[in-house]
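A.B. asks: Enclosed is the structure file protein26.cif (mmCIF, C-alpha atoms).
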data_run
loop_
_atom_site.label_atom_id
_atom_site.label_comp_id
_atom_site.auth_asym_id
_atom_site.auth_seq_id
_atom_site.Cartn_x
_atom_site.Cartn_y
_atom_site.Cartn_z
CA MET A 1 128.54 78.06 99.13
CA GLU A 2 131.24 77.10 101.64
CA SER A 3 130.79 73.36 101.18
CA PHE A 4 130.56 73.64 97.40
CA PHE A 5 133.73 75.77 96.94
CA SER A 6 135.68 74.29 99.86
CA PHE A 7 138.17 72.73 97.42
CA ILE A 8 139.22 76.24 96.27
CA LEU A 9 138.38 78.41 99.29
CA TYR A 10 141.34 77.10 101.30
CA PRO A 11 143.91 77.48 98.46
CA VAL A 12 142.72 81.05 97.74
CA SER A 13 142.89 82.04 101.41
CA ALA A 14 146.30 80.33 101.69
CA ILE A 15 147.74 82.39 98.81
CA LEU A 16 146.32 85.57 100.35
CA TRP A 17 147.80 84.59 103.73
CA PHE A 18 151.24 83.96 102.19
CA TRP A 19 151.47 87.32 100.41
CA HIS A 20 150.19 89.14 103.50
CA LYS A 21 153.02 87.57 105.49
CA VAL A 22 155.50 88.77 102.85
CA PHE A 23 154.29 92.38 102.64
CA GLY A 24 153.21 92.54 106.29
CA THR A 25 156.78 91.85 107.33
CA VAL A 26 157.90 94.98 105.44
CA LEU A 27 154.95 97.37 105.93
CA GLY A 28 153.41 95.98 109.12
CA PRO A 29 150.72 93.29 109.53
CA ASP A 30 147.88 95.80 110.08
CA ASN A 31 148.86 98.08 107.21
CA GLY A 32 146.11 98.46 104.59
CA PHE A 33 148.58 98.66 101.73
CA ALA A 34 150.15 95.37 102.83
CA TRP A 35 146.73 93.74 102.50
CA ALA A 36 146.08 95.53 99.19
CA LEU A 37 149.37 94.24 97.79
CA ALA A 38 148.49 90.77 99.08
CA VAL A 39 145.25 90.92 97.05
CA PHE A 40 147.15 92.15 93.98
CA PHE A 41 149.69 89.35 94.18
CA LEU A 42 146.94 86.83 94.81
CA VAL A 43 145.62 87.81 91.38
CA PHE A 44 149.08 87.72 89.81
CA THR A 45 149.77 84.25 91.25
CA LEU A 46 146.54 82.83 89.86
CA ARG A 47 147.03 84.50 86.45
CA VAL A 48 150.55 83.12 86.14
CA VAL A 49 149.06 79.64 86.52
CA LEU A 50 146.57 80.47 83.76
CA ILE A 51 149.14 81.79 81.25
CA LYS A 52 149.45 78.46 79.46
CA PRO A 53 145.66 78.08 78.93
CA ALA A 54 145.52 81.72 77.80
CA LEU A 55 148.31 81.09 75.28
CA SER A 56 146.47 77.99 74.03
CA GLN A 57 143.34 80.12 73.74
CA MET A 58 145.08 82.67 71.51
CA ARG A 59 146.66 79.96 69.36
CA ALA A 60 143.28 78.28 68.96
CA GLY A 61 141.79 81.61 67.93
CA ARG A 62 144.44 82.07 65.24
CA LYS A 63 143.82 78.53 63.98
CA MET A 64 140.10 79.17 63.91
CA ALA A 65 140.75 82.27 61.82
CA LYS A 66 142.58 80.22 59.19
CA PHE A 67 139.63 77.98 58.37
CA ALA A 68 136.90 80.55 59.02
CA PRO A 69 136.04 80.55 55.27
CA HIS A 70 135.53 76.77 55.45
CA ILE A 71 133.13 77.23 58.37
CA GLN A 72 131.20 79.83 56.38
CA LYS A 73 130.93 77.38 53.48
CA LEU A 74 129.65 74.67 55.82
CA ARG A 75 127.03 77.06 57.19
CA GLU A 76 125.84 77.88 53.70
CA LYS A 77 125.89 74.26 52.57
CA TYR A 78 124.08 72.79 55.59
CA LYS A 79 121.98 75.77 56.63
CA ASN A 80 118.87 73.57 56.61
CA ASP A 81 120.51 70.66 58.46
CA ARG A 82 121.92 71.88 61.76
CA GLN A 83 122.87 68.42 63.00
CA ARG A 84 124.95 67.68 59.90
CA MET A 85 126.50 71.16 60.10
CA ALA A 86 127.55 70.55 63.73
CA GLN A 87 129.07 67.19 62.80
CA GLU A 88 131.04 68.68 59.90
CA MET A 89 132.29 71.55 62.11
CA GLN A 90 133.45 69.11 64.79
CA LYS A 91 135.23 67.09 62.12
CA LEU A 92 136.92 70.23 60.77
CA GLN A 93 137.98 71.34 64.26
CA SER A 94 139.44 67.91 65.07
CA GLU A 95 141.36 67.87 61.79
CA HIS A 96 142.95 71.25 62.62
CA GLY A 97 143.51 70.39 66.29
CA VAL A 98 141.27 73.14 67.65
CA ASN A 99 139.27 72.79 70.85
CA PRO A 100 136.38 75.30 70.92
CA LEU A 101 136.23 75.06 74.74
CA GLY A 102 139.90 76.06 75.00
CA GLY A 103 139.00 79.70 74.46
CA CYS A 104 136.57 79.69 77.40
CA LEU A 105 138.82 77.86 79.85
CA PRO A 106 140.76 80.85 81.32
CA ALA A 107 137.56 82.83 81.90
CA LEU A 108 135.75 79.84 83.39
CA LEU A 109 138.59 79.13 85.82
CA GLN A 110 138.51 82.71 87.13
CA ILE A 111 134.82 82.55 88.10
CA PRO A 112 135.21 80.17 91.09
CA VAL A 113 138.33 82.10 92.18
CA PHE A 114 136.40 85.38 92.15
CA LEU A 115 133.50 83.87 94.10
CA SER A 116 135.88 82.24 96.58
CA LEU A 117 137.75 85.49 97.22
CA PHE A 118 134.44 87.31 97.70
CA HIS A 119 133.36 84.66 100.23
CA VAL A 120 136.68 84.82 102.11
CA LEU A 121 136.51 88.61 102.36
CA ARG A 122 132.91 88.50 103.57
CA ASN A 123 134.00 86.24 106.44
CA PHE A 124 136.37 88.87 107.83
CA HIS A 125 134.04 90.36 110.44
CA PRO A 126 134.41 91.39 114.08
CA GLY A 127 134.25 88.53 116.55
CA ALA A 128 135.22 85.81 114.04
CA GLN A 129 137.59 83.23 115.56
CA SER A 130 139.00 82.13 112.19
CA ASN A 131 138.51 82.46 108.46
CA PHE A 132 139.63 79.32 106.63
CA ILE A 133 143.45 79.45 106.73
CA PHE A 134 143.49 82.65 108.85
CA ASP A 135 143.44 82.45 112.64
CA GLN A 136 141.90 85.08 114.92
CA ALA A 137 145.03 87.28 114.75
CA GLY A 138 144.78 87.30 110.94
CA VAL A 139 141.09 88.20 111.09
CA ASP A 140 141.73 91.08 113.51
CA SER A 141 144.61 92.33 111.36
CA PHE A 142 142.41 92.49 108.27
CA ILE A 143 139.58 94.26 110.14
CA GLN A 144 141.93 96.91 111.55
CA ALA A 145 143.60 97.57 108.19
CA ASP A 146 142.35 100.44 106.07
CA ILE A 147 143.29 102.57 103.06
CA PHE A 148 142.67 106.26 103.77
CA GLY A 149 139.97 105.29 106.27
CA ALA A 150 138.17 102.76 104.02
CA LYS A 151 138.00 99.20 105.32
CA LEU A 152 138.87 96.48 102.81
CA SER A 153 136.02 94.10 103.68
CA ASN A 154 133.26 96.74 103.46
CA TRP A 155 131.41 98.24 100.49
CA ILE A 156 129.88 101.65 99.78
CA THR A 157 126.18 100.75 99.96
CA GLN A 158 126.55 98.87 103.24
CA PRO A 159 124.30 100.19 106.04
CA ALA A 160 125.83 102.96 108.09
CA THR A 161 125.48 100.95 111.31
CA GLU A 162 127.59 98.10 109.90
CA LEU A 163 130.18 100.55 108.58
CA ALA A 164 130.39 102.13 112.04
CA LEU A 165 130.88 98.66 113.52
CA PHE A 166 134.04 98.31 111.40
CA GLY A 167 135.21 101.81 112.30
CA THR A 168 134.54 103.56 108.98
CA ASP A 169 131.83 105.64 107.29
CA ARG A 170 130.28 105.98 103.82
CA THR A 171 132.28 109.10 102.92
CA SER A 172 135.61 107.33 103.48
CA MET A 173 134.35 104.34 101.52
CA MET A 174 133.32 106.54 98.59
CA ILE A 175 136.62 108.46 98.56
CA VAL A 176 138.50 105.20 98.00
CA GLY A 177 135.84 103.11 96.24
CA ILE A 178 134.81 105.51 93.43
CA PRO A 179 138.36 106.08 92.06
CA LEU A 180 138.92 102.31 92.16
CA MET A 181 135.68 101.77 90.21
CA LEU A 182 136.67 104.34 87.58
CA ILE A 183 140.19 102.95 87.15
CA ALA A 184 138.81 99.40 86.92
CA SER A 185 136.24 100.57 84.36
CA VAL A 186 138.89 102.25 82.17
CA ALA A 187 141.14 99.17 82.39
CA THR A 188 138.19 96.97 81.42
CA TYR A 189 137.42 99.18 78.41
CA PHE A 190 140.98 99.05 77.06
CA THR A 191 141.12 95.31 77.66
CA MET A 192 137.93 94.76 75.67
CA ARG A 193 139.05 97.21 72.98
CA LEU A 194 142.34 95.37 72.48
CA SER A 195 140.47 92.07 72.31
CA VAL A 196 138.12 93.40 69.61
CA LYS A 197 141.00 94.98 67.70
CA LYS A 198 142.87 91.68 67.54
CA GLN A 199 139.89 89.79 66.15
CA THR A 200 140.23 88.76 62.52
CA ASP A 201 138.31 90.26 59.64
CA ALA A 202 136.63 86.91 59.05
CA SER A 203 135.15 86.81 62.54
CA MET A 204 134.13 90.47 62.40
CA ALA A 205 132.51 89.95 59.01
CA ASN A 206 129.59 88.34 60.82
CA PRO A 207 127.27 91.24 61.76
CA GLN A 208 126.11 89.53 64.95
CA SER A 209 129.67 88.88 66.17
CA ALA A 210 130.74 92.44 65.37
CA MET A 211 127.72 93.94 67.13
CA MET A 212 128.16 91.72 70.21
CA ALA A 213 131.88 92.56 70.46
CA LYS A 214 131.20 96.30 70.32
CA PHE A 215 128.32 95.94 72.78
CA MET A 216 130.54 94.15 75.31
CA MET A 217 133.29 96.72 74.82
CA TYR A 218 130.99 99.38 76.31
CA ILE A 219 128.74 97.36 78.62
CA ALA A 220 131.59 95.70 80.57
CA PRO A 221 133.08 99.02 81.81
CA ILE A 222 129.60 100.20 82.80
CA GLY A 223 129.14 96.93 84.70
CA ALA A 224 132.36 97.62 86.61
CA ILE A 225 131.02 100.99 87.78
CA VAL A 226 127.56 99.72 88.71
CA SER A 227 128.69 96.60 90.55
CA GLY A 228 131.46 98.50 92.36
CA TRP A 229 128.89 100.04 94.70
CA PHE A 230 127.99 96.58 96.04
CA LEU A 231 131.47 94.95 96.20
CA PRO A 232 134.02 95.11 99.04
CA ILE A 233 137.01 97.37 98.49
CA ALA A 234 139.29 94.30 98.42
CA VAL A 235 137.21 92.82 95.57
CA LEU A 236 137.54 96.12 93.68
CA LEU A 237 141.30 95.80 94.15
CA TYR A 238 141.08 92.26 92.81
CA TRP A 239 139.09 93.46 89.79
CA LEU A 240 141.54 96.28 89.10
CA ALA A 241 144.58 94.00 89.37
CA ASN A 242 142.91 91.39 87.16
CA ASN A 243 142.15 93.88 84.37
CA VAL A 244 145.60 95.46 84.50
CA TRP A 245 147.17 92.01 84.28
CA THR A 246 144.89 91.03 81.39
CA LEU A 247 145.82 94.19 79.48
CA GLY A 248 149.54 93.51 79.83
CA GLN A 249 149.15 89.79 79.18
CA GLN A 250 147.24 90.34 75.95
CA HIS A 251 149.94 92.68 74.67
CA PHE A 252 152.72 90.23 75.60
CA LEU A 253 151.03 87.08 74.27
CA THR A 254 149.93 88.82 71.06
CA LYS A 255 153.54 89.75 70.30
CA LYS A 256 154.60 86.18 71.07
CA ILE A 257 151.99 84.64 68.75
CA ASP A 258 152.82 87.15 66.01
CA ALA A 259 156.50 86.20 66.30
CA GLU A 260 155.62 82.50 66.08
CA GLN A 261 153.55 83.06 62.95
CA GLU A 262 156.31 85.16 61.40
CA ARG A 263 158.82 82.34 62.01
CA GLU A 264 156.45 79.83 60.41
CA ARG A 265 156.02 82.12 57.41
CA GLN A 266 159.79 82.51 57.04
CA LYS A 267 160.21 78.73 57.19
CA GLU A 268 157.65 78.29 54.42
CA ILE A 269 159.45 80.90 52.28
CA GLU A 270 162.83 79.24 52.88
CA ALA A 271 161.37 75.82 52.03
CA LYS A 272 160.07 77.19 48.73
CA LYS A 273 163.45 78.75 47.97
CA ALA A 274 165.29 75.51 48.80
CA ALA A 275 163.07 73.46 46.46
CA PRO A 276 164.97 72.53 43.20
CA ARG A 277 164.06 74.67 40.22
CA PRO A 278 164.83 74.08 36.49
CA LYS A 279 167.58 76.17 34.90
CA PRO A 280 166.60 78.91 32.46
CA GLY A 281 165.57 77.29 29.17
CA GLN A 282 165.46 73.82 30.72
CA LYS A 283 162.28 71.83 30.79
CA PRO A 284 161.10 70.61 34.18
CA ALA A 285 162.27 67.11 35.09
CA ARG A 286 159.71 64.40 34.49
CA ASP A 287 159.30 60.89 35.70
CA ALA A 288 161.38 58.38 33.64
CA LYS A 289 158.52 55.87 33.26
CA ALA A 290 156.06 58.53 32.21
CA GLU A 291 158.64 59.97 29.81
CA THR A 292 159.36 56.53 28.25
CA SER A 293 155.65 55.82 27.96
CA SER A 294 154.94 59.17 26.32
CA GLU A 295 157.87 58.72 23.91
CA GLY A 296 156.60 55.25 22.92
CA GLU A 297 153.11 56.58 22.33
CA ALA A 298 154.48 59.44 20.23
CA ALA A 299 156.60 57.04 18.13
CA THR A 300 153.64 54.74 17.54
CA ALA A 301 151.48 57.67 16.50
CA THR A 302 154.19 58.91 14.08
CA ALA A 303 154.61 55.47 12.49
CA THR A 304 150.88 55.12 12.08
CA GLU A 305 150.65 58.46 10.34
CA ALA A 306 153.68 57.76 8.05
CA LYS A 307 152.50 54.28 6.89
CA PRO A 308 150.05 54.56 3.97
CA ALA A 309 146.76 52.91 4.49
CA LYS A 310 145.90 49.86 2.29
CA PRO A 311 143.18 50.47 -0.32
CA ALA A 312 139.92 48.83 0.40
CA PRO A 313 138.64 46.08 -1.97
CA GLY A 314 137.50 47.64 -5.19
CA GLN A 315 139.30 50.88 -4.49
CA ARG A 316 142.15 52.25 -6.57
CA PRO A 317 145.44 53.31 -4.92
CA GLY A 318 144.58 56.95 -5.43
CA GLY A 319 141.54 56.48 -3.36
CA LYS A 320 139.08 56.21 -6.31
CA THR A 321 136.68 53.37 -6.26
CA GLY A 322 137.04 50.67 -8.97
CA GLY A 323 134.54 48.08 -10.20
CA LYS A 324 131.49 49.13 -12.13
CA LYS A 325 131.57 52.25 -14.19
CA THR A 326 129.46 55.03 -13.15
CA GLN A 327 126.13 55.31 -15.00
CA PRO A 328 126.03 58.02 -17.69
CA LYS A 329 124.13 61.07 -16.86
CA ASN A 330 120.65 61.42 -18.35
CA ARG A 331 121.10 63.85 -21.25
CA PRO A 332 117.94 64.15 -23.51
CA GLY A 333 119.81 65.59 -26.61
CA LYS A 334 122.25 62.69 -26.98
CA GLN A 335 119.54 60.05 -26.48
CA ALA A 336 117.47 61.55 -29.32
CA SER A 337 120.47 61.50 -31.77
CA LYS A 338 121.23 57.86 -30.94
CA ALA A 339 117.60 56.89 -31.59
CA LYS A 340 117.70 58.48 -35.12
CA LYS A 341 120.86 56.56 -36.03
CA ARG A 342 119.28 53.25 -35.06
CA ARG A 343 116.32 53.92 -37.32
#
Show this structure as structure tokens.
C.D. replies:
Amino acid sequence: MESFFSFILYPVSAILWFWHKVFGTVLGPDNGFAWALAVFFLVFTLRVVLIKPALSQMRAGRKMAKFAPHIQKLREKYKNDRQRMAQEMQKLQSEHGVNPLGGCLPALLQIPVFLSLFHVLRNFHPGAQSNFIFDQAGVDSFIQADIFGAKLSNWITQPATELALFGTDRTSMMIVGIPLMLIASVATYFTMRLSVKKQTDASMANPQSAMMAKFMMYIAPIGAIVSGWFLPIAVLLYWLANNVWTLGQQHFLTKKIDAEQERERQKEIEAKKAAPRPKPGQKPARDAKAETSSEGEAATATATEAKPAKPAPGQRPGGKTGGKKTQPKNRPGKQASKAKKRR
């Protein structure tokens, strides 16, 4: 663990050390609230760095919502050819400038930070000479600090002998730990609820997506309560600060994205208004070449219709056919009279 996350363990411990120096100067280096504020501002520092990826994530989500109907059509069209469907979706995403991994980036970056903070806090134990960026004085300061008798590096389910070694007991840990778990759980619920509420109708139209979103909205707060029994108090503080920040950040960034989309919509409306329109009763302007061509074709057609057609050979001007006379009709009465005259 230490060798694998060494590239981030030292920066995380350095940020925690810096904020402890700031608040420890005001409240005292061994004050538990000074360490709690140091954990809070550790979270805030890291989340400020991740604002830009989070903003890109929300913009990508809005872009994905615009061509969600196209994705649905691709799924219906290539439902029997998954490889072709994946290729067409990648092509569509590249055309719209959307990176599907952009939405996962902020969450993925927080995982190593969370694990690193957990590892740093676990290394604050009696007798330790150092803890990454902290020297022995920093380690002793953290061990002596407490919030209403609960030590920051301990957790509720820890054996009583280890709790006694740090100068605390399970009752003190529960008095502080359980309210932190409940507050973190409520903050997680509202964070997930806001995330589900901001999802588009197109994404929620998929029954599986809708069911998974609602499932996570309730299972994540339960996870905060269950896991809180096995996490150090300082990690619970980290979790609480992270969820409170996420709740405020989502509200702020959502308003920002909505304002950007409203400006784009107003620009489109103004562009349509600025486009030249024909006056009332005036025909729309046409291309000169097309107009000349159409006028020539119309004139040719008119001349062709006005010029009388020449009669065909053997045909009279009125359209009747000349030449041989038509054969008389076969009338039996007249033929009999002619035969009597001849006799």
A.B. asks: Residues near range 109-121 of chain A, anyone? I mean within 10 Å using all atoms listed in the file, not counting same-chain ones fewer than 3 positions away, as a ChimeraX atom specification.
C.D. replies: /A:1-2,5-13,16,39,42-43,46-47,50,53,104-106,124-125,131-134,139,142,152-154,231-235,238-239,242
A.B. asks: With C-alpha atoms retained, write the just-selected residues as a tab-separated table (two decimals), in the coordinates of the input.
C.D. replies:
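Result file out26.tsv:
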chain	number	residue	atom	x	y	z
A	1	MET	CA	128.54	78.06	99.13
A	2	GLU	CA	131.24	77.10	101.64
A	5	PHE	CA	133.73	75.77	96.94
A	6	SER	CA	135.68	74.29	99.86
A	7	PHE	CA	138.17	72.73	97.42
A	8	ILE	CA	139.22	76.24	96.27
A	9	LEU	CA	138.38	78.41	99.29
A	10	TYR	CA	141.34	77.10	101.30
A	11	PRO	CA	143.91	77.48	98.46
A	12	VAL	CA	142.72	81.05	97.74
A	13	SER	CA	142.89	82.04	101.41
A	16	LEU	CA	146.32	85.57	100.35
A	39	VAL	CA	145.25	90.92	97.05
A	42	LEU	CA	146.94	86.83	94.81
A	43	VAL	CA	145.62	87.81	91.38
A	46	LEU	CA	146.54	82.83	89.86
A	47	ARG	CA	147.03	84.50	86.45
A	50	LEU	CA	146.57	80.47	83.76
A	53	PRO	CA	145.66	78.08	78.93
A	104	CYS	CA	136.57	79.69	77.40
A	105	LEU	CA	138.82	77.86	79.85
A	106	PRO	CA	140.76	80.85	81.32
A	124	PHE	CA	136.37	88.87	107.83
A	125	HIS	CA	134.04	90.36	110.44
A	131	ASN	CA	138.51	82.46	108.46
A	132	PHE	CA	139.63	79.32	106.63
A	133	ILE	CA	143.45	79.45	106.73
A	134	PHE	CA	143.49	82.65	108.85
A	139	VAL	CA	141.09	88.20	111.09
A	142	PHE	CA	142.41	92.49	108.27
A	152	LEU	CA	138.87	96.48	102.81
A	153	SER	CA	136.02	94.10	103.68
A	154	ASN	CA	133.26	96.74	103.46
A	231	LEU	CA	131.47	94.95	96.20
A	232	PRO	CA	134.02	95.11	99.04
A	233	ILE	CA	137.01	97.37	98.49
A	234	ALA	CA	139.29	94.30	98.42
A	235	VAL	CA	137.21	92.82	95.57
A	238	TYR	CA	141.08	92.26	92.81
A	239	TRP	CA	139.09	93.46	89.79
A	242	ASN	CA	142.91	91.39	87.16
A.B. asks: Between CA of Lys151 in chain A and CA of Thr246 in chain A, what is the distance in Å, rounded to a tenth?
C.D. replies: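 Answer for the CA of Lys151 in chain A to CA of Thr246 in chain A separation: 26.2 Å.
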A.B. asks: Do you know which residues the PyMOL selection byres ((chain A and resi 176) around 9) returns on this file, as a tab-separated table (two decimals) with C-alpha atoms, keeping the file's coordinate frame?
C.D. replies:
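Output below, filename selection-v9.tsv:
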chain	number	residue	atom	x	y	z
A	147	ILE	CA	143.29	102.57	103.06
A	148	PHE	CA	142.67	106.26	103.77
A	149	GLY	CA	139.97	105.29	106.27
A	150	ALA	CA	138.17	102.76	104.02
A	171	THR	CA	132.28	109.10	102.92
A	172	SER	CA	135.61	107.33	103.48
A	173	MET	CA	134.35	104.34	101.52
A	174	MET	CA	133.32	106.54	98.59
A	175	ILE	CA	136.62	108.46	98.56
A	177	GLY	CA	135.84	103.11	96.24
A	178	ILE	CA	134.81	105.51	93.43
A	179	PRO	CA	138.36	106.08	92.06
A	180	LEU	CA	138.92	102.31	92.16
A	181	MET	CA	135.68	101.77	90.21
A	233	ILE	CA	137.01	97.37	98.49
A.B. asks: From the set A:Ile225, A:Leu108, A:Met192, A:Ala241, which residue has the shortest atom-to-atom contact distance to Ala36 in chain A, counting all atoms listed in the file?
C.D. replies: A:Ala241
A.B. asks: Could you expand the PyMOL selection byres ((chain A and resi 20-29) around 10) into the explicit residues it covers here, written as a count of residues only?
C.D. replies: 24
A.B. asks: What would the selection look like, as a ChimeraX atom specification, if the PyMOL selection byres ((chain A and resi 249-266) around 12) were run on the coordinates I just shared?
C.D. replies: /A:44,47-48,50-63,66,190-199,241-248,267-273
A.B. asks: If you measure from CA of Leu165 in chain A to CA of Leu237 in chain A, what distance in Å do you get, rounded to one decimal?
C.D. replies: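 Computing it gives 22.2 Å between the two atoms.
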A.B. asks: Taking the block above, write range 13-28 of chain A with N, CA and C atoms as a short mmCIF file (atom, residue, chain, number, x, y, z; two decimals), in the first residue's frame.
C.D. replies:
data_model
loop_
_atom_site.label_atom_id
_atom_site.label_comp_id
_atom_site.auth_asym_id
_atom_site.auth_seq_id
_atom_site.Cartn_x
_atom_site.Cartn_y
_atom_site.Cartn_z
N SER A 13 -0.50 14.10 3.02
CA SER A 13 -0.03 14.41 4.37
C SER A 13 0.52 15.83 4.45
N ALA A 14 1.10 16.33 3.36
CA ALA A 14 1.63 17.70 3.35
C ALA A 14 0.50 18.72 3.43
N ILE A 15 -0.60 18.48 2.71
CA ILE A 15 -1.75 19.41 2.78
C ILE A 15 -2.35 19.39 4.19
N LEU A 16 -2.47 18.19 4.77
CA LEU A 16 -2.99 18.09 6.14
C LEU A 16 -2.07 18.81 7.11
N TRP A 17 -0.76 18.66 6.94
CA TRP A 17 0.22 19.33 7.81
C TRP A 17 0.09 20.85 7.70
N PHE A 18 -0.07 21.36 6.48
CA PHE A 18 -0.17 22.81 6.26
C PHE A 18 -1.38 23.39 6.98
N TRP A 19 -2.55 22.78 6.79
CA TRP A 19 -3.76 23.33 7.41
C TRP A 19 -3.74 23.15 8.92
N HIS A 20 -3.07 22.12 9.41
CA HIS A 20 -2.94 21.99 10.88
C HIS A 20 -2.07 23.11 11.44
N LYS A 21 -1.05 23.49 10.71
CA LYS A 21 -0.21 24.61 11.14
C LYS A 21 -1.02 25.90 11.19
N VAL A 22 -1.91 26.08 10.20
CA VAL A 22 -2.72 27.30 10.14
C VAL A 22 -3.68 27.36 11.32
N PHE A 23 -4.48 26.30 11.50
CA PHE A 23 -5.49 26.31 12.56
C PHE A 23 -4.88 26.03 13.93
N GLY A 24 -3.77 25.29 13.97
CA GLY A 24 -3.10 25.05 15.24
C GLY A 24 -2.51 26.30 15.83
N THR A 25 -2.11 27.24 14.98
CA THR A 25 -1.59 28.51 15.47
C THR A 25 -2.66 29.30 16.21
N VAL A 26 -3.91 29.16 15.78
CA VAL A 26 -5.03 29.91 16.37
C VAL A 26 -5.62 29.17 17.57
N LEU A 27 -5.89 27.86 17.41
CA LEU A 27 -6.59 27.09 18.43
C LEU A 27 -5.65 26.28 19.32
N GLY A 28 -4.41 26.13 18.93
CA GLY A 28 -3.48 25.30 19.68
C GLY A 28 -3.16 24.03 18.90
#
